[in-house]
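S.K.: Have a look at the structure that comes next, please.
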Amino acid sequence: LRFPPAKPSGKVVLTAVGMTKTYGPKTVINNQSVEISRGDKIAFIGKNGMGKTTFSRMLVNDVSYDAGEVTLGHNVTVGYYAQHAADSMDGNDTVLEVVDRVAVGDIRTKLRDLLGCFLFKGEDVFKKVKVLSGGEKSRLALCRMILEPRNFIVLDEPTNHLDMLSKEILQNALINYEGTVVVVSHDRDFLRGLTNKIFEFTKEGIKEHLDGIDEFLAKKSLED
């Protein structure tokens with residue numbers, strides 16, 4: 001499994017300045033700024049409720065925010081996966097039709113193999129989207145996103161509904177992906193060998209670490 005090639009982006013993929021988001025009386029993100037460069041593979045790490053998913057949605061303009069500005073770099077094309085991404089699919093399409101609409105090139109001859117990687121086997125590919133379970137819809141939305149040529153992808157908990165083999169296939173595809181990645185995940189095994197930078201979400205704000213997941217966790221254990 002490989003992502004389709006996309007035109008390269010500029011050196012700076014995204015800048016976010018002074019980002020703030022509140023839900024009622026609770027401030028989830030408070031005046032945070034980040035810069036993402038071409039080729040970065042970033043993990044958003046932190047305890048639940050620290051704003052990882054909210055911030056990822058702000059970066060791709062999937063949720064409004066109270067203050068701040070997000071600027072995409074030159075020639076950046078964004079792919080975004082989250083649990084609710086499944087809502088954009090037509091309920092009357094079959095599983096195979098969903099991916100066939102976006103697939104281009106040689107991969108079109110291997111769509112059923114690709115769907116098999118995401119646990120759609122045999123006659124499953126002819127099921128209509130509207131009869132799929134929530135987990136099946138999420139897997140299908142992830143499969144569809146992989147087929148679209150993008151040079152910057154943001155993934156929010158992509159492994160939640162995958163088995164071990166599917167996770168490994170996705171992980172290898174992301175390791176070999178030539179674009180820029182942000183992934184929100186609690187799955188340390190999935191992040192191992194994949195990311196080269198950590199954005200740690202804490203009560204004090206977002207802290208950047210130029211580490212992979214193992215180095216980051218080793219340092220955290222020493223601090224504790």
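To be explicit about the labels: the chains of the structure tokens are called A, B, and onward in the order shown, and within each one the residues are counted from 1, while ligands get numbers from 1 in the order they are shown.
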Neighbours of range 46-60 of chain A within 9 Å (only C-alpha atoms; same-chain residues fewer than 5 positions away dropped), as a list in words?
M.R.: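 My reading of the contact set: Leu14, Thr15, Ala16, Met19, Lys21, Val28, Ile29, Tyr65, Val70, Thr71, Val78, Gly79, Tyr80, Ala82, Val154, Leu155, Asp156, Glu157, Val182, Val183, Val184, His186, Phe199, Glu200, Phe201, Thr202, Lys203 and Gly205 of chain A.
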S.K.: DSSP says alpha helix (DSSP H) for which residues of range 122-174 of chain A? Put them as a list of chain:residue names?
M.R.: A:Gly134, A:Gly135, A:Glu136, A:Lys137, A:Ser138, A:Arg139, A:Leu140, A:Ala141, A:Leu142, A:Cys143, A:Arg144, A:Met145, A:Ile146, A:Leu147, A:Met164, A:Leu165, A:Ser166, A:Lys167, A:Glu168, A:Ile169, A:Leu170, A:Gln171, A:Asn172, A:Ala173, A:Leu174
S.K.: Nearest residue to Ala6 in chain A out of A:Glu168, A:Glu178, A:Asp62, A:Asp93, using only C-alpha atoms?
M.R.: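 Among the listed residues, the smallest separation from Ala6 in chain A belongs to A:Glu178.
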S.K.: Show which residues sit within 12 Å of Glu215 in chain A, as JSON, numbers by chain. Count only C-alpha atoms, and ignore same-chain residues fewer than 2 positions away.
M.R.: {"A": [188, 191, 192, 193, 195, 196, 197, 198, 209, 210, 211, 212, 213, 217, 218, 219, 220, 221, 222]}
S.K.: Keeping only N, CA and C atoms, write those residues as a compact mmCIF listing (two decimals), in the first residue's frame.
M.R.:
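The new file part.txt reads:
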```txt
# COMPACT_ATOMS: atom_id res chain seq x y z
N ARG A 188 1.02 3.73 20.90
CA ARG A 188 2.47 3.91 20.85
C ARG A 188 3.13 2.99 19.84
N LEU A 191 2.89 4.55 16.44
CA LEU A 191 3.75 5.72 16.27
C LEU A 191 5.23 5.37 16.19
N ARG A 192 5.59 4.20 16.65
CA ARG A 192 7.01 3.81 16.71
C ARG A 192 7.59 3.72 15.29
N GLY A 193 8.65 4.47 15.05
CA GLY A 193 9.31 4.47 13.74
C GLY A 193 8.61 5.33 12.71
N THR A 195 6.98 8.72 13.46
CA THR A 195 7.06 10.17 13.64
C THR A 195 8.47 10.61 14.03
N ASN A 196 8.82 11.84 13.62
CA ASN A 196 10.13 12.39 13.96
C ASN A 196 10.02 13.64 14.83
N LYS A 197 8.81 13.96 15.24
CA LYS A 197 8.58 15.15 16.05
C LYS A 197 7.33 14.92 16.89
N ILE A 198 7.34 15.42 18.11
CA ILE A 198 6.21 15.29 19.02
C ILE A 198 5.71 16.67 19.40
N HIS A 209 8.86 18.63 20.73
CA HIS A 209 10.01 17.77 21.01
C HIS A 209 10.51 17.19 19.69
N LEU A 210 11.80 17.31 19.44
CA LEU A 210 12.39 16.76 18.21
C LEU A 210 12.81 15.32 18.44
N ASP A 211 11.84 14.48 18.73
CA ASP A 211 12.08 13.09 19.09
C ASP A 211 11.07 12.18 18.41
N GLY A 212 11.44 10.90 18.30
CA GLY A 212 10.46 9.88 18.02
C GLY A 212 9.75 9.50 19.31
N ILE A 213 8.78 8.62 19.21
CA ILE A 213 7.96 8.29 20.36
C ILE A 213 8.77 7.60 21.46
N LEU A 217 9.21 9.15 25.24
CA LEU A 217 8.73 8.44 26.43
C LEU A 217 9.85 8.15 27.39
N ALA A 218 11.05 7.87 26.87
CA ALA A 218 12.20 7.63 27.75
C ALA A 218 12.53 8.89 28.55
N LYS A 219 12.51 10.04 27.89
CA LYS A 219 12.78 11.29 28.57
C LYS A 219 11.70 11.60 29.62
N LYS A 220 10.45 11.32 29.26
CA LYS A 220 9.35 11.57 30.21
C LYS A 220 9.48 10.70 31.45
N SER A 221 9.91 9.45 31.27
CA SER A 221 10.04 8.56 32.42
C SER A 221 11.18 9.03 33.33
N LEU A 222 12.22 9.60 32.74
CA LEU A 222 13.33 10.13 33.55
C LEU A 222 12.88 11.35 34.34
```
S.K.: Against range 31-37 of chain A, which residues of range 103-172 of chain A fall within 12 Å? For each one I want the closest pair of atoms and the distance in Å (one decimal), counting only C-alpha atoms, rows by chain and increasing residue number, as CSV.
M.R.:
```
residue,atom,partner,partner_atom,distance
A:Asn151,CA,A:Ser37,CA,11.5
A:Phe152,CA,A:Ile36,CA,10.0
A:Ile153,CA,A:Ile36,CA,11.7
A:Val154,CA,A:Ile36,CA,11.7
```
S.K.: What are the DSSP strand (DSSP E) residues of range 121-207 of chain A, as a PyMOL selection string?
M.R.: chain A and resi 152-156+180-184+197-202+205-207
S.K.: Output C-alpha atoms for every residue in the selection just made, as a PDB file, in the first residue's frame.
M.R.:
```pdb
ATOM      1  CA  PHE A 152      -0.253  17.041   3.819  1.00  0.00           C
ATOM      2  CA  ILE A 153      -2.444  14.639   5.770  1.00  0.00           C
ATOM      3  CA  VAL A 154      -3.935  14.938   9.247  1.00  0.00           C
ATOM      4  CA  LEU A 155      -5.137  11.741  10.935  1.00  0.00           C
ATOM      5  CA  ASP A 156      -7.156  11.684  14.147  1.00  0.00           C
ATOM      6  CA  THR A 180       3.854  15.759   5.656  1.00  0.00           C
ATOM      7  CA  VAL A 181       1.867  14.004   8.393  1.00  0.00           C
ATOM      8  CA  VAL A 182       0.143  14.968  11.622  1.00  0.00           C
ATOM      9  CA  VAL A 183      -1.302  12.047  13.568  1.00  0.00           C
ATOM     10  CA  VAL A 184      -3.309  12.184  16.785  1.00  0.00           C
ATOM     11  CA  LYS A 197       8.578  15.149  16.048  1.00  0.00           C
ATOM     12  CA  ILE A 198       6.209  15.286  19.016  1.00  0.00           C
ATOM     13  CA  PHE A 199       3.781  18.048  19.898  1.00  0.00           C
ATOM     14  CA  GLU A 200       2.947  17.408  23.545  1.00  0.00           C
ATOM     15  CA  PHE A 201      -0.351  18.902  24.719  1.00  0.00           C
ATOM     16  CA  THR A 202      -0.160  19.957  28.377  1.00  0.00           C
ATOM     17  CA  GLY A 205       0.279  24.627  26.280  1.00  0.00           C
ATOM     18  CA  ILE A 206       1.868  22.794  23.341  1.00  0.00           C
ATOM     19  CA  LYS A 207       5.500  21.707  23.780  1.00  0.00           C
TER      20      LYS A 207
END
```
S.K.: Restricting the calculation to only C-alpha atoms, which member of A:Leu132, A:Glu97, A:Leu194, A:Ala43 is positioned closest to Glu208 in chain A?
M.R.: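 Counting only C-alpha atoms, the residue closest to Glu208 in chain A is A:Ala43.
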S.K.: Using only C-alpha atoms, can you tell me which of A:Glu69, A:Ile107, A:Gly179, A:Met164 comes closest to Arg38 in chain A?
M.R.: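 The answer is A:Gly179, which sits nearest to Arg38 in chain A.
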S.K.: Quick one: residues within 10 Å of Asp124 in chain A, only C-alpha atoms, excluding same-chain residues fewer than 6 positions away - as a PDB file with N, CA and C atoms, in the first residue's frame?
M.R.:
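After the write, selection37.pdb holds the following:
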```pdb
ATOM      1  N   THR A  94     -22.051   1.813  -2.811  1.00  0.00           N
ATOM      2  CA  THR A  94     -21.461   0.613  -2.232  1.00  0.00           C
ATOM      3  C   THR A  94     -20.040   0.936  -1.773  1.00  0.00           C
ATOM      4  N   VAL A  95     -19.504   0.043  -0.970  1.00  0.00           N
ATOM      5  CA  VAL A  95     -18.121   0.200  -0.498  1.00  0.00           C
ATOM      6  C   VAL A  95     -17.176   0.363  -1.682  1.00  0.00           C
ATOM      7  N   LEU A  96     -17.336  -0.480  -2.687  1.00  0.00           N
ATOM      8  CA  LEU A  96     -16.460  -0.424  -3.863  1.00  0.00           C
ATOM      9  C   LEU A  96     -16.633   0.888  -4.630  1.00  0.00           C
ATOM     10  N   ARG A 112     -10.025  -4.082  -4.779  1.00  0.00           N
ATOM     11  CA  ARG A 112     -10.561  -5.102  -3.876  1.00  0.00           C
ATOM     12  C   ARG A 112      -9.483  -5.602  -2.914  1.00  0.00           C
ATOM     13  N   LEU A 115      -9.220  -2.823  -0.318  1.00  0.00           N
ATOM     14  CA  LEU A 115     -10.345  -2.905   0.619  1.00  0.00           C
ATOM     15  C   LEU A 115     -10.163  -4.076   1.587  1.00  0.00           C
ATOM     16  N   GLY A 116      -9.564  -5.138   1.098  1.00  0.00           N
ATOM     17  CA  GLY A 116      -9.271  -6.279   1.970  1.00  0.00           C
ATOM     18  C   GLY A 116      -8.328  -5.896   3.096  1.00  0.00           C
ATOM     19  N   LEU A 132     -23.569  -0.009   6.858  1.00  0.00           N
ATOM     20  CA  LEU A 132     -22.310  -0.288   7.542  1.00  0.00           C
ATOM     21  C   LEU A 132     -22.377   0.160   9.001  1.00  0.00           C
TER      22      LEU A 132
END
```
S.K.: Rank nothing, just name the residue among A:Gly73, A:Asp66, A:Pro25, A:Asn61 nearest to Val13 in chain A, using only C-alpha atoms.
M.R.: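 Closest candidate: A:Gly73.
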S.K.: Compare A:Pro4, A:Gly91, A:Pro158, A:Gly105 by their minimum atom-to-atom distance to Lys130 in chain A, counting only C-alpha atoms, and give me the closest one.
M.R.: A:Gly91
S.K.: Which polymer residues have any atom within 10 Å of an atom of Phe118 in chain A, counting only C-alpha atoms, with same-chain residues fewer than 2 positions away left out, as a PyMOL selection string?
M.R.: chain A and resi 112-116+120-121+136+138-140+142-143+161-163+165-167+169-170
